[in-house]
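model-v2.csv follows; it contains CSV, C-alpha atoms.
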chain,number,residue,atom,x,y,z
X,1,MET,CA,2.5,-99.8,-32.3
X,2,SER,CA,4.4,-103.1,-32.3
X,3,GLU,CA,5.1,-102.9,-28.5
X,4,ALA,CA,1.5,-102.1,-27.8
X,5,LEU,CA,0.2,-105.0,-29.9
X,6,ASP,CA,2.7,-107.4,-28.3
X,7,PHE,CA,1.4,-106.3,-24.9
X,8,ARG,CA,-2.2,-106.7,-25.9
X,9,LYS,CA,-1.4,-110.1,-27.4
X,10,SER,CA,0.1,-111.3,-24.1
X,11,LEU,CA,-3.0,-109.9,-22.3
X,12,ALA,CA,-5.2,-111.9,-24.6
X,13,ARG,CA,-3.4,-115.2,-23.9
X,14,GLN,CA,-3.4,-114.6,-20.1
X,15,LEU,CA,-7.1,-113.8,-19.9
X,16,LEU,CA,-8.1,-116.7,-22.2
X,17,SER,CA,-6.3,-119.3,-20.0
X,18,ALA,CA,-7.0,-117.7,-16.6
X,19,GLY,CA,-8.6,-119.9,-13.9
X,20,MET,CA,-7.4,-123.3,-15.1
X,21,THR,CA,-6.9,-125.8,-12.2
X,22,GLU,CA,-5.4,-129.3,-11.8
X,23,ALA,CA,-8.7,-130.8,-12.7
X,24,ASP,CA,-8.5,-129.2,-16.2
X,25,PHE,CA,-5.5,-131.5,-17.0
X,26,ASP,CA,-7.4,-134.7,-16.1
X,27,ASN,CA,-8.7,-136.3,-19.3
X,28,HIS,CA,-10.3,-139.2,-17.4
X,29,PRO,CA,-12.7,-137.5,-14.9
X,30,THR,CA,-15.0,-139.5,-12.6
X,31,VAL,CA,-18.0,-140.9,-14.4
X,32,ALA,CA,-20.5,-138.0,-14.6
X,33,THR,CA,-23.5,-140.1,-13.8
X,34,THR,CA,-22.2,-140.5,-10.2
X,35,LEU,CA,-21.9,-136.8,-9.8
X,36,ALA,CA,-25.4,-135.5,-10.3
X,37,ALA,CA,-25.4,-133.5,-7.1
X,38,ALA,CA,-22.0,-131.8,-7.7
X,39,PRO,CA,-22.4,-128.0,-8.0
X,40,GLY,CA,-20.9,-126.1,-10.9
X,41,LEU,CA,-20.1,-123.1,-8.6
X,42,ALA,CA,-19.8,-122.8,-4.9
X,43,ALA,CA,-22.7,-120.3,-4.8
X,44,HIS,CA,-24.7,-122.3,-7.4
X,45,PRO,CA,-27.7,-120.2,-8.5
X,46,THR,CA,-31.2,-121.6,-8.8
X,47,ILE,CA,-32.8,-120.4,-12.0
X,48,ALA,CA,-36.6,-120.3,-12.4
X,49,PHE,CA,-37.0,-121.7,-16.0
X,50,PRO,CA,-40.4,-122.5,-17.4
X,51,ALA,CA,-41.0,-126.1,-16.3
X,52,THR,CA,-41.3,-127.5,-19.9
X,53,LEU,CA,-38.2,-125.7,-21.2
X,54,ARG,CA,-35.7,-125.9,-18.4
X,55,PRO,CA,-32.3,-127.4,-19.5
X,56,ILE,CA,-32.1,-131.1,-18.6
X,57,PRO,CA,-28.6,-132.6,-18.6
X,58,VAL,CA,-28.4,-135.9,-20.3
X,59,PRO,CA,-25.4,-138.0,-19.1
X,60,ILE,CA,-23.9,-140.5,-21.4
X,61,ASP,CA,-23.6,-144.1,-20.1
X,62,PRO,CA,-21.1,-145.6,-20.5
X,63,MET,CA,-18.9,-142.5,-20.4
X,64,PRO,CA,-17.5,-141.9,-24.0
X,65,ALA,CA,-13.9,-142.6,-24.8
X,66,LEU,CA,-11.5,-139.7,-25.2
X,67,ASP,CA,-11.3,-140.3,-29.0
X,68,ALA,CA,-15.1,-141.0,-29.4
X,69,ALA,CA,-17.0,-139.0,-32.0
X,70,LEU,CA,-19.4,-136.3,-30.7
X,71,PRO,CA,-23.0,-137.2,-30.3
X,72,ARG,CA,-25.6,-135.9,-32.7
X,73,ALA,CA,-27.3,-132.7,-31.7
X,74,ASP,CA,-29.8,-130.2,-33.1
X,75,VAL,CA,-27.8,-127.3,-31.6
X,76,VAL,CA,-24.2,-126.8,-30.5
X,77,VAL,CA,-23.3,-124.1,-28.0
X,78,ILE,CA,-19.5,-123.5,-27.8
X,79,THR,CA,-17.6,-121.3,-25.3
X,80,TRP,CA,-14.0,-120.7,-24.5
X,81,THR,CA,-12.8,-119.6,-21.1
X,82,VAL,CA,-13.1,-121.0,-17.5
X,83,ASP,CA,-15.5,-118.2,-16.4
X,84,GLU,CA,-17.6,-118.7,-19.5
X,85,THR,CA,-17.8,-122.4,-19.0
X,86,MET,CA,-18.7,-122.2,-15.4
X,87,ALA,CA,-21.6,-119.9,-16.3
X,88,LEU,CA,-22.7,-122.3,-19.1
X,89,CYS,CA,-22.6,-125.2,-16.6
X,90,ASP,CA,-24.7,-123.4,-14.1
X,91,VAL,CA,-27.3,-122.4,-16.7
X,92,MET,CA,-27.3,-125.5,-19.0
X,93,THR,CA,-25.9,-128.4,-17.0
X,94,PRO,CA,-26.9,-127.8,-13.4
X,95,GLY,CA,-25.4,-130.5,-11.2
X,96,PHE,CA,-22.5,-131.2,-13.6
X,97,SER,CA,-19.6,-128.8,-13.3
X,98,ARG,CA,-16.9,-128.3,-16.0
X,99,ASP,CA,-14.7,-130.9,-14.2
X,100,HIS,CA,-17.4,-133.5,-15.0
X,101,TRP,CA,-17.9,-132.7,-18.7
X,102,TYR,CA,-16.7,-135.4,-21.1
X,103,ARG,CA,-13.3,-134.9,-22.6
X,104,TYR,CA,-12.8,-134.8,-26.4
X,105,ALA,CA,-9.5,-135.5,-28.2
X,106,ARG,CA,-10.6,-137.1,-31.5
X,107,ASN,CA,-7.9,-136.9,-34.1
X,108,PHE,CA,-5.8,-134.8,-31.7
X,109,ASP,CA,-2.5,-136.0,-33.2
X,110,GLN,CA,-3.5,-134.4,-36.5
X,111,TYR,CA,-3.9,-131.0,-34.7
X,112,LEU,CA,-0.7,-131.1,-32.7
X,113,PRO,CA,1.6,-129.8,-35.6
X,114,LYS,CA,-0.7,-126.8,-35.9
X,115,ILE,CA,-0.6,-125.8,-32.2
X,116,ARG,CA,2.2,-123.7,-30.8
X,117,ALA,CA,4.3,-124.8,-27.8
X,118,GLY,CA,2.8,-123.4,-24.6
X,119,ALA,CA,-0.8,-123.2,-25.9
X,120,PRO,CA,-3.5,-124.5,-23.5
X,121,ALA,CA,-4.6,-127.3,-25.8
X,122,ARG,CA,-1.0,-128.8,-25.7
X,123,GLY,CA,-1.1,-128.6,-21.9
X,124,VAL,CA,-4.4,-130.5,-21.5
X,125,MET,CA,-3.8,-132.7,-24.6
X,126,ARG,CA,-7.4,-132.4,-25.9
X,127,LEU,CA,-9.6,-130.4,-28.2
X,128,ALA,CA,-12.6,-129.7,-26.0
X,129,SER,CA,-15.0,-130.8,-23.3
X,130,TYR,CA,-18.7,-131.3,-23.8
X,131,PHE,CA,-22.0,-132.3,-22.2
X,132,PRO,CA,-25.4,-133.1,-23.8
X,133,VAL,CA,-28.6,-131.3,-22.7
X,134,ARG,CA,-32.2,-131.3,-23.7
X,135,ILE,CA,-34.3,-128.1,-24.0
X,136,GLY,CA,-37.9,-129.1,-24.8
X,137,ALA,CA,-37.6,-131.4,-27.8
X,138,LYS,CA,-34.2,-130.1,-28.9
X,139,LYS,CA,-30.9,-132.0,-28.4
X,140,VAL,CA,-28.2,-129.5,-27.4
X,141,LEU,CA,-24.5,-130.1,-27.0
X,142,CYS,CA,-22.6,-127.6,-24.7
X,143,MET,CA,-18.9,-127.4,-25.4
X,144,LYS,CA,-15.8,-125.7,-24.2
X,145,SER,CA,-13.0,-125.4,-26.8
X,146,GLU,CA,-9.4,-125.7,-25.8
X,147,LEU,CA,-8.4,-124.3,-29.2
X,148,HIS,CA,-8.6,-120.6,-29.9
X,149,LEU,CA,-7.6,-118.1,-32.6
X,150,ASN,CA,-5.5,-116.2,-30.1
X,151,GLN,CA,-3.8,-119.2,-28.5
X,152,ASP,CA,-2.6,-121.6,-31.1
X,153,GLY,CA,-1.2,-120.0,-34.2
X,154,ILE,CA,2.2,-121.1,-35.4
X,155,THR,CA,3.7,-118.4,-37.7
X,156,ARG,CA,5.3,-119.7,-40.9
X,157,PRO,CA,6.6,-116.9,-43.1
X,158,PRO,CA,6.3,-118.1,-46.8
X,159,ALA,CA,9.3,-117.4,-48.9
X,160,GLY,CA,9.1,-113.9,-50.4
X,161,SER,CA,5.6,-113.1,-49.0
X,162,ALA,CA,3.8,-111.9,-45.9
X,163,HIS,CA,3.5,-114.3,-43.0
X,164,LYS,CA,0.5,-116.5,-42.2
X,165,ALA,CA,-0.3,-118.6,-39.2
X,166,SER,CA,-2.0,-121.9,-38.5
X,167,LEU,CA,-5.6,-121.9,-37.3
X,168,PRO,CA,-6.5,-125.3,-35.9
X,169,VAL,CA,-9.8,-124.0,-34.4
X,170,ARG,CA,-11.1,-123.8,-38.0
X,171,ASP,CA,-10.5,-127.6,-38.3
X,172,LEU,CA,-12.3,-128.1,-35.0
X,173,PHE,CA,-15.4,-126.3,-36.1
X,174,HIS,CA,-15.5,-128.4,-39.3
X,175,GLN,CA,-15.1,-131.6,-37.2
X,176,ILE,CA,-17.9,-130.5,-34.8
X,177,LEU,CA,-20.3,-129.9,-37.6
X,178,ASP,CA,-19.4,-133.1,-39.4
X,179,GLU,CA,-20.0,-135.2,-36.3
X,180,THR,CA,-23.0,-133.5,-34.6
X,181,ARG,CA,-24.8,-132.5,-37.9
X,182,ALA,CA,-26.2,-129.6,-35.9
X,183,ARG,CA,-28.7,-127.3,-37.6
X,184,LEU,CA,-27.6,-124.3,-35.4
X,185,ILE,CA,-24.3,-123.5,-33.9
X,186,ILE,CA,-23.9,-120.7,-31.3
X,187,THR,CA,-20.6,-119.3,-30.1
X,188,THR,CA,-20.9,-117.5,-26.8
X,189,GLY,CA,-18.9,-115.8,-24.0
X,190,THR,CA,-17.4,-112.5,-23.0
X,191,ALA,CA,-16.8,-109.4,-25.2
X,192,GLY,CA,-15.9,-105.8,-25.0
X,193,ALA,CA,-18.8,-103.3,-25.5
X,194,VAL,CA,-18.3,-100.8,-28.3
X,195,PHE,CA,-21.6,-98.8,-27.9
X,196,ALA,CA,-21.8,-96.3,-25.0
X,197,GLY,CA,-25.4,-97.5,-24.5
X,198,HIS,CA,-24.4,-101.2,-24.0
X,199,ASP,CA,-23.9,-101.6,-20.3
X,200,LEU,CA,-21.9,-104.1,-18.3
X,201,GLY,CA,-23.9,-107.4,-18.5
X,202,ASP,CA,-25.8,-106.6,-21.6
X,203,VAL,CA,-25.9,-109.4,-24.3
X,204,VAL,CA,-25.2,-108.7,-27.9
X,205,VAL,CA,-26.8,-111.2,-30.4
X,206,THR,CA,-25.7,-110.9,-34.0
X,207,ARG,CA,-25.8,-112.9,-37.2
X,208,GLY,CA,-22.6,-111.2,-38.5
X,209,ALA,CA,-18.9,-111.5,-37.8
X,210,LYS,CA,-15.8,-109.7,-39.1
X,211,PHE,CA,-12.1,-110.3,-38.8
X,212,ARG,CA,-10.1,-107.3,-37.5
X,213,CYS,CA,-6.6,-108.8,-37.1
X,214,LYS,CA,-3.3,-106.9,-36.6
X,215,ARG,CA,-1.0,-109.7,-35.4
X,216,GLU,CA,-0.3,-113.1,-36.9
X,217,PHE,CA,-3.4,-113.1,-39.0
X,218,ARG,CA,-3.1,-109.6,-40.4
X,219,ASP,CA,-2.0,-110.8,-43.8
X,220,SER,CA,-4.4,-113.8,-44.0
X,221,PRO,CA,-6.8,-113.8,-46.9
X,222,PHE,CA,-9.8,-113.8,-44.6
X,223,ASN,CA,-8.7,-110.6,-42.7
X,224,ASP,CA,-11.2,-107.8,-42.9
X,225,LYS,CA,-13.8,-110.1,-44.4
X,226,THR,CA,-17.4,-110.0,-43.0
X,227,TYR,CA,-19.7,-113.1,-42.8
X,228,ARG,CA,-23.5,-113.3,-42.4
X,229,SER,CA,-25.9,-116.0,-41.4
X,230,GLU,CA,-29.1,-115.3,-43.2
X,231,TRP,CA,-32.0,-116.3,-40.9
X,232,THR,CA,-34.5,-114.7,-38.5
X,233,VAL,CA,-33.9,-115.1,-34.8
X,234,LYS,CA,-37.1,-115.6,-32.9
X,235,THR,CA,-37.3,-113.5,-29.7
X,236,LYS,CA,-40.3,-115.2,-28.0
X,237,HIS,CA,-38.4,-116.0,-24.8
X,238,PHE,CA,-36.2,-112.9,-24.7
X,239,ALA,CA,-38.4,-111.2,-22.1
X,240,LYS,CA,-38.2,-114.3,-19.8
X,241,ALA,CA,-34.4,-114.4,-20.2
X,242,LYS,CA,-34.2,-110.7,-19.2
X,243,THR,CA,-36.3,-111.5,-16.1
X,244,LEU,CA,-34.0,-114.3,-15.2
X,245,MET,CA,-30.9,-112.1,-15.8
X,246,GLY,CA,-32.4,-109.6,-13.4
X,247,ALA,CA,-32.0,-112.0,-10.5
X,248,PHE,CA,-28.2,-111.5,-10.7
X,249,ARG,CA,-28.2,-107.7,-11.5
X,250,HIS,CA,-26.7,-106.9,-8.0
X,251,GLU,CA,-23.6,-108.8,-9.1
X,252,LEU,CA,-23.1,-106.2,-11.8
X,253,ALA,CA,-22.6,-103.2,-9.6
X,254,GLU,CA,-20.1,-100.7,-11.0
X,255,PRO,CA,-17.0,-100.1,-8.9
X,256,GLU,CA,-17.0,-97.1,-6.5
X,257,PHE,CA,-15.2,-94.0,-7.9
X,258,LEU,CA,-12.3,-92.9,-5.8
X,259,PRO,CA,-8.9,-91.5,-6.7
X,260,PRO,CA,-6.1,-94.1,-6.7
X,261,THR,CA,-4.3,-92.5,-3.7
X,262,VAL,CA,-5.3,-90.3,-0.8
X,263,ASN,CA,-2.9,-87.6,-2.2
X,264,TYR,CA,-5.7,-86.5,-4.5
X,265,ALA,CA,-7.2,-84.5,-1.6
X,266,PRO,CA,-9.8,-82.5,-3.6
X,267,LEU,CA,-11.4,-85.7,-4.8
X,268,ASN,CA,-11.5,-87.6,-1.6
X,269,ASN,CA,-15.0,-86.5,-0.6
X,270,ILE,CA,-16.8,-86.9,-3.8
X,271,PRO,CA,-19.9,-89.2,-3.9
X,272,LYS,CA,-19.3,-92.9,-4.4
X,273,PRO,CA,-22.3,-94.2,-6.3
X,274,ILE,CA,-22.6,-97.9,-6.9
X,275,ARG,CA,-24.5,-98.3,-10.2
X,276,GLU,CA,-26.4,-101.5,-10.8
X,277,ASN,CA,-27.2,-102.3,-14.5
X,278,ASP,CA,-30.4,-103.7,-15.8
X,279,PRO,CA,-29.2,-106.3,-18.2
X,280,ASP,CA,-30.7,-106.3,-21.7
X,281,ILE,CA,-30.4,-108.3,-24.9
X,282,LYS,CA,-29.2,-106.3,-28.0
X,283,LEU,CA,-30.3,-107.9,-31.2
X,284,ASP,CA,-28.9,-107.0,-34.7
X,285,GLY,CA,-31.6,-105.7,-36.9
X,286,ARG,CA,-33.6,-104.4,-33.9
X,287,ASP,CA,-31.2,-102.6,-31.5
X,288,MET,CA,-28.4,-102.0,-34.1
X,289,PRO,CA,-28.1,-102.4,-37.9
X,290,ALA,CA,-29.0,-105.8,-39.3
X,291,PHE,CA,-26.1,-108.2,-39.3
X,292,HIS,CA,-23.9,-105.6,-37.5
X,293,PRO,CA,-20.9,-107.9,-37.1
X,294,ILE,CA,-19.0,-109.0,-34.0
X,295,LEU,CA,-15.4,-107.9,-34.4
X,296,THR,CA,-12.8,-110.7,-34.1
X,297,THR,CA,-9.3,-109.6,-33.2
X,298,ASP,CA,-6.0,-111.5,-32.7
X,299,PHE,CA,-5.1,-109.4,-29.7
X,300,PHE,CA,-6.9,-107.9,-26.7
X,301,GLU,CA,-8.9,-105.0,-28.1
X,302,PHE,CA,-11.8,-103.0,-26.4
X,303,GLY,CA,-14.2,-100.3,-27.4
X,304,THR,CA,-13.5,-96.8,-26.2
X,305,SER,CA,-15.4,-93.5,-26.4
X,306,LEU,CA,-12.9,-92.3,-29.0
X,307,ASN,CA,-12.1,-95.3,-31.2
X,308,HIS,CA,-15.6,-95.5,-32.8
X,309,LEU,CA,-15.7,-99.3,-33.1
X,310,GLU,CA,-19.5,-99.1,-32.9
X,311,GLU,CA,-19.4,-97.8,-36.4
X,312,ILE,CA,-18.1,-101.1,-37.8
X,313,GLY,CA,-19.2,-103.7,-35.2
X,314,SER,CA,-21.5,-104.7,-32.4
X,315,ALA,CA,-18.8,-105.8,-29.8
X,316,VAL,CA,-15.2,-107.0,-29.9
X,317,GLU,CA,-13.9,-110.5,-29.0
X,318,MET,CA,-11.3,-112.9,-30.2
X,319,GLY,CA,-12.5,-115.8,-32.3
X,320,ASP,CA,-16.1,-115.8,-33.6
X,321,ALA,CA,-15.5,-114.9,-37.2
X,322,VAL,CA,-13.8,-118.2,-37.6
X,323,LEU,CA,-17.2,-119.8,-37.5
X,324,GLY,CA,-18.4,-117.6,-40.3
X,325,LEU,CA,-15.3,-118.6,-42.3
X,326,VAL,CA,-16.0,-122.3,-41.7
X,327,VAL,CA,-19.6,-122.1,-42.8
X,328,GLU,CA,-18.6,-120.3,-46.0
X,329,GLU,CA,-16.0,-123.0,-46.7
X,330,ARG,CA,-18.6,-125.7,-46.2
X,331,ALA,CA,-21.0,-124.0,-48.5
X,332,ALA,CA,-18.3,-123.7,-51.2
X,333,ALA,CA,-17.5,-127.4,-50.8
X,334,GLY,CA,-21.2,-128.4,-51.1
X,335,LYS,CA,-21.4,-129.6,-47.5
X,336,PRO,CA,-24.4,-129.1,-45.2
X,337,THR,CA,-24.3,-125.6,-43.7
X,338,PRO,CA,-25.9,-124.7,-40.4
X,339,ARG,CA,-27.4,-121.5,-39.2
X,340,TRP,CA,-25.0,-119.7,-36.9
X,341,LEU,CA,-25.1,-117.0,-34.3
X,342,VAL,CA,-22.9,-115.0,-32.0
X,343,VAL,CA,-24.2,-114.4,-28.4
X,344,ARG,CA,-21.7,-112.3,-26.5
X,345,ASN,CA,-22.0,-110.6,-23.1
X,346,CYS,CA,-20.5,-107.2,-22.4
X,347,SER,CA,-18.0,-108.2,-19.7
X,348,ASP,CA,-16.4,-104.7,-20.0
X,349,PRO,CA,-18.3,-101.6,-21.0
X,350,GLN,CA,-17.1,-99.0,-23.5
X,351,ILE,CA,-13.9,-97.6,-21.9
X,352,ASN,CA,-13.2,-93.9,-21.5
X,353,GLY,CA,-11.0,-92.9,-24.4
X,354,LYS,CA,-9.6,-89.9,-22.6
X,355,LEU,CA,-7.8,-92.2,-20.1
X,356,ARG,CA,-4.1,-92.7,-20.6
X,357,SER,CA,-3.3,-95.2,-23.3
X,358,LYS,CA,0.5,-95.0,-23.7
X,359,PRO,CA,2.9,-96.5,-22.9
X,360,ALA,CA,1.2,-99.8,-23.3
X,361,ARG,CA,2.1,-101.2,-19.9
X,362,GLN,CA,0.9,-98.1,-18.2
X,363,SER,CA,-2.4,-97.8,-20.1
X,364,LEU,CA,-5.2,-97.0,-17.8
X,365,GLN,CA,-7.6,-97.9,-20.6
X,366,ALA,CA,-6.2,-101.5,-20.7
X,367,MET,CA,-6.1,-101.6,-16.9
X,368,TRP,CA,-9.8,-100.9,-16.6
X,369,ALA,CA,-10.7,-103.2,-19.5
X,370,VAL,CA,-8.9,-106.1,-17.8
X,371,TYR,CA,-10.4,-105.2,-14.4
X,372,TYR,CA,-13.9,-105.5,-15.8
X,373,TYR,CA,-13.1,-108.6,-17.8
X,374,GLN,CA,-11.6,-110.4,-14.8
X,375,GLY,CA,-14.1,-109.1,-12.2
X,376,PHE,CA,-17.3,-109.6,-14.0
X,377,GLY,CA,-16.6,-112.4,-16.5
X,378,TYR,CA,-18.6,-115.1,-14.7
X,379,TRP,CA,-21.7,-113.1,-13.9
X,380,THR,CA,-21.9,-111.4,-17.3
X,381,SER,CA,-21.5,-114.9,-18.9
X,382,MET,CA,-24.6,-116.0,-17.0
X,383,ASN,CA,-26.5,-113.5,-19.0
X,384,SER,CA,-25.2,-114.7,-22.4
X,385,ALA,CA,-25.9,-118.3,-21.4
X,386,LEU,CA,-29.5,-117.3,-20.5
X,387,ALA,CA,-29.8,-115.6,-23.9
X,388,CYS,CA,-28.6,-118.8,-25.5
X,389,TRP,CA,-31.3,-120.7,-23.7
X,390,ALA,CA,-34.0,-118.2,-24.9
X,391,ILE,CA,-32.8,-118.5,-28.5
X,392,ILE,CA,-32.7,-122.3,-28.4
X,393,ALA,CA,-36.1,-122.6,-26.8
X,394,ALA,CA,-37.8,-120.4,-29.4
X,395,ASN,CA,-36.0,-121.3,-32.6
Please render this file's structure as structure tokens.
Amino acid sequence: MSEALDFRKSLARQLLSAGMTEADFDNHPTVATTLAAAPGLAAHPTIAFPATLRPIPVPIDPMPALDAALPRADVVVITWTVDETMALCDVMTPGFSRDHWYRYARNFDQYLPKIRAGAPARGVMRLASYFPVRIGAKKVLCMKSELHLNQDGITRPPAGSAHKASLPVRDLFHQILDETRARLIITTGTAGAVFAGHDLGDVVVTRGAKFRCKREFRDSPFNDKTYRSEWTVKTKHFAKAKTLMGAFRHELAEPEFLPPTVNYAPLNNIPKPIRENDPDIKLDGRDMPAFHPILTTDFFEFGTSLNHLEEIGSAVEMGDAVLGLVVEERAAAGKPTPRWLVVRNCSDPQINGKLRSKPARQSLQAMWAVYYYQGFGYWTSMNSALACWAIIAAN
């Protein structure tokens, strides 16, 4: 089990930092107001938003300093990886790519002792990037965090007790909420589907989160805890978001089914269907039990047809329960507490549990989960970004 978890941990860290370029290490990008025509993606999509509710980027002039406080916002949308950020740019900040978002390193020196050597945040020497947007009358702050539950932890075994690890992203959430005073905070990005009926590209929306840790946080007091955000999500614009998602459904074609080598002669002439999914939004309390939690792990886990994760959660990812923990801490301290929400796209569907799983480095289950994650991360993240738009526009 230890070898398998070590392997899954290394996969998590590789996937979370994939796609970084030289521009990611530049903490003084060109002033964004001069780059309004710069595309976020080479094949930049045009999205037919309702005219009065389309996201409108709001550049800051003069460009804020690296140590400046975040601007006030009604809503914060925070994501984590390169693919997720590119999709959020193309939906929310068209014309401004992730290379042009403002860099944020406020109080960074206080975070450094809590960040392990080799973590991405140490490489780029900042906490996050951000860009303001307006949706209708709402002020929205889009963010990409450089901190992550699976990237930063420094393990310090207390004398005579089980080990614990640092969790600087918890401090970042507190700092974001203190500075923006947001009334709603959404964490979004890729996830592994746990339900057989949740297809590649479907979006899971839930007001619940649960820690399911087996590595450095397995003995933390918050492990196995579940958090809930008690409010009603308005779905007025879900139908429009699904229509907008449909414009990219051809990008979610399932891979052809063929054997791995031509030596499997009896299988070489089987049909090769290419299955396109029709993306949907799966809401807790409507399409699954109310507050059915996202499962937050400290290693790369995925749902299979045999591990029954759907019985305990709505999808599996690597960080969202930290937000639930932070809001609980703020409530206990008498601080203002926002509503919060998890909006995660199924970048890998439920994996066939009958595929080989051992030894870890020869696991066909892990191979397919990684294939889907890497191959469909951007396009599935377009769907979760569109779901975020629909939620913000209606709530």
Counting all atoms listed in the file, what is within 7 Å of range 175-184 of chain X, bar same-chain residues fewer than 6 positions away, as a ChimeraX atom specification? /X:69-76,338-340
Students should find that CA of Asn277 in chain X and CA of Gly246 in chain X are spaced 9.0 Å
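The nearest approach to Thr188 in chain X among the residues X:Met367, X:Ile60, X:Cys142, X:Ala165, with only C-alpha atoms taken into account, belongs to X:Cys142.
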Return the single residue from X:Thr235, X:Thr337, X:Gln110, X:Thr93 that is closest to Met143 in chain X, with distances computed using all atoms listed in the file.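 Checking each of X:Thr235, X:Thr337, X:Gln110, X:Thr93 against Met143 in chain X, counting all atoms listed in the file, the winner is X:Thr93.
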Residue nearest Pro50 in chain X - candidates X:Ala332, X:Ile115, X:Leu244, X:Ile185, atoms counted: only C-alpha atoms: X:Leu244
From CA of Ile294 in chain X to CA of Thr206 in chain X the spacing works out at 7.0 Å
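Of the listed residues X:Pro279, X:Pro255, X:Pro57, X:Pro168, the one whose atoms come nearest to Ala241 in chain X is X:Pro279, with distances taken using only C-alpha atoms.
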